[in-house]
Amino acid sequence: MDNASNCDTTASELPKYIPSFRGALSRSRKASHLRANIKADCPRQSFISFFFKPITRKKTPKVAPSKRKRAHRHVNAQNVALETSTDPAPIPVFNQFEDEDSERQTDTVDQELSADQDEQGVMDEGKAAHDEAAVNSVKGQAIAAARAMGLSLNPSQEKIALELFPKVAGLARRVHDSPTLQEKFEKLVDAQVDHSGQQRSLTRRVPTRWNSDLACLAAHIAFETPVKQLTSDSSNNLKQYALTDAQWTLAKQLGEVLEIFQDITLLFSKAEVPLVHEVIPMLEAMEHDLTKIRNSHELPAVIRIAAIAALLIISKYYALTDDNEVYRIAIVMCPDKKLDWFNENEDWRPEDRVEVDRAVRARWSETYLQRSSSSQNSAASSSTEKPPEKVSTTFQY
């Protein structure tokens with residue numbers, strides 16, 4: 001089931017109509033909410049939100065049609081031009097910059113990113129508002145938790161981080177949409193002596209595709225020299241997409257961290273893999289990796305705080321697995337894990353291991369032991385019955 005409140009109601013009410021359904025104990029949650037997808041409250045989205053400037057779209061006011069009768073008038077070409085000519089609403093800038101030129105450049109980058117999201121049809125306005133509120137809530141909690149650890153971001157560091165992905169994704173979109181820029185970029189790539197592989201273009205970020213953030217960033221880093229050459233050429237008018245030295249350093253550090261989410265996504269994208277027994281090990285593996293990032297003094301504060309945000313989400317979903325015993329039973333029934341996985345896992349306390357053993361035995365006794373006894377009795381009774389007479393297969397005329 002999904003994690004919506006109406007599914008909570010379904011889980012609690014369904015046993016009244018289907019006695020074999022055991023409520024929360026039989027409820028499994030969608031594994032897709034535990035992997036890196038477009039869900040706003042997943043670990044990846046909470047993590048990556050520290051490197052995107054939030055974009056506000058101006059809502060088009062809905063005007064009710066007038067009931068008054070209007071006299072027909074002659075419409076000429078000038079009137080049509082005046083009525084149909086509307087300028088796009090400017091997208092607000094969230095951070096104030098030192099000069100107007102920087103502000104105009106940031107506006108352009110944000111508009112490109114907004115257009116890219118609109119083109120992909122990532123979500124409707126209601127869902128976008130919900131997702132943004134969820135992410136902002138987690139960000140606030142993460143910043144508060146980081147402050148308690150002595151971690152904080154100054155305005156300069158925040159500005160560097162928030163502009164990173166709008167620039168990277170915006171440049172990929174501009175080059176993709178312009179045959180002229182694409183041709184120039186390919187020539188710059190071909191001129192690279194150390195270039196290997198067949199890829200000759202930047203990878204676009206697609207909001208509805210898992211791991212497209214990492215793919216977009218990885219291509220940008222791989223083509224660092226052509227990207228710098230392209231954005232530094234004033235004739236291309238791409239100065240607003242040029243990364244600073246600090247942003248290039250941050251991009252390379254961030255790319256290595258995003259691989260954590262890529263590995264999990266690839267695992268859960270395989271249709272032939274049974275997923276239930278992998279949920280808890282996956283959450284623990286991701287928790288361990290992100291904890292190392294949070295505690296690493298070699299990484300910038302923004303990445304460490306983003307890791308805290310992702311850990312908050314993982315903790316939320318890990319706690320939800322306690323409601324359903326199927327996750328633990330599936331591990332015990334897995335041939336290469338069994339109870340040894342819990343006994344050898346330092347994250348599980350002795351009383352937790354005892355509870356897993358009790359849950360497995362209780363579920364077997366309650367659900368399967370009676371069936372097994374009935375099957376054996378049925379087999380024994382059928383063996384004492386007189387065997388049926390053989391029917392002749394010889395045709396009689």
# chains A, B, ... in the order shown; residues from 1 in each chain; ligands from 1
>>> residues_around(residues="segment 190-193 of chain A", least_positions_apart="4", cutoff="9 Å", atoms="only C-alpha atoms", output="MDAnalysis selection string")
chainID A and resid 185:186 200 225:226
>>> residues_around(residues="Ile160 of chain A", least_positions_apart="5", cutoff="12 Å", atoms="only C-alpha atoms", output="ChimeraX atom specification")
/A:50-53,95,97,106,153-155,165-167,243-251,300-303
>>> closest_residue(among="A:Arg204, A:Arg361, A:Lys337, A:Lys139", to="Ala306 of chain A", atoms="only C-alpha atoms")
A:Lys139
>>> select_by_dssp(residues="segment 191-317 of chain A", states="helix (DSSP H, G or I)", output="JSON, numbers by chain")
{"A": [212, 213, 214, 215, 216, 217, 218, 219, 220, 221, 222, 224, 225, 226, 227, 228, 229, 230, 231, 232, 234, 235, 236, 239, 240, 241, 245, 246, 247, 248, 249, 250, 251, 252, 253, 254, 255, 256, 257, 258, 259, 260, 261, 262, 263, 264, 265, 266, 267, 268, 276, 277, 278, 279, 280, 281, 282, 283, 284, 285, 286, 287, 288, 289, 290, 291, 292, 293, 294, 295, 301, 302, 303, 304, 305, 306, 307, 308, 309, 310, 311, 312, 313, 314, 315, 316, 317]}
>>> residues_around(residues="Glu287 of chain A", least_positions_apart="3", cutoff="12 Å", atoms="only C-alpha atoms", output="list in words")
Pro43, Ile260, Phe261, Ile264, Ile280, Pro281, Met282, Leu283, Glu284, Leu290, Thr291, Lys292, Ile293, Arg294, Ala307, Ile308, Ala309, Ala310, Leu311, Leu312, Ile313, Ile314, Ser315, Lys316, Tyr317, Tyr318 and Asp347 of chain A
>>> residues_around(residues="Val276 of chain A", least_positions_apart="3", cutoff="7 Å", atoms="only C-alpha atoms", output="number ranges by chain")
A: 279, 327, 330
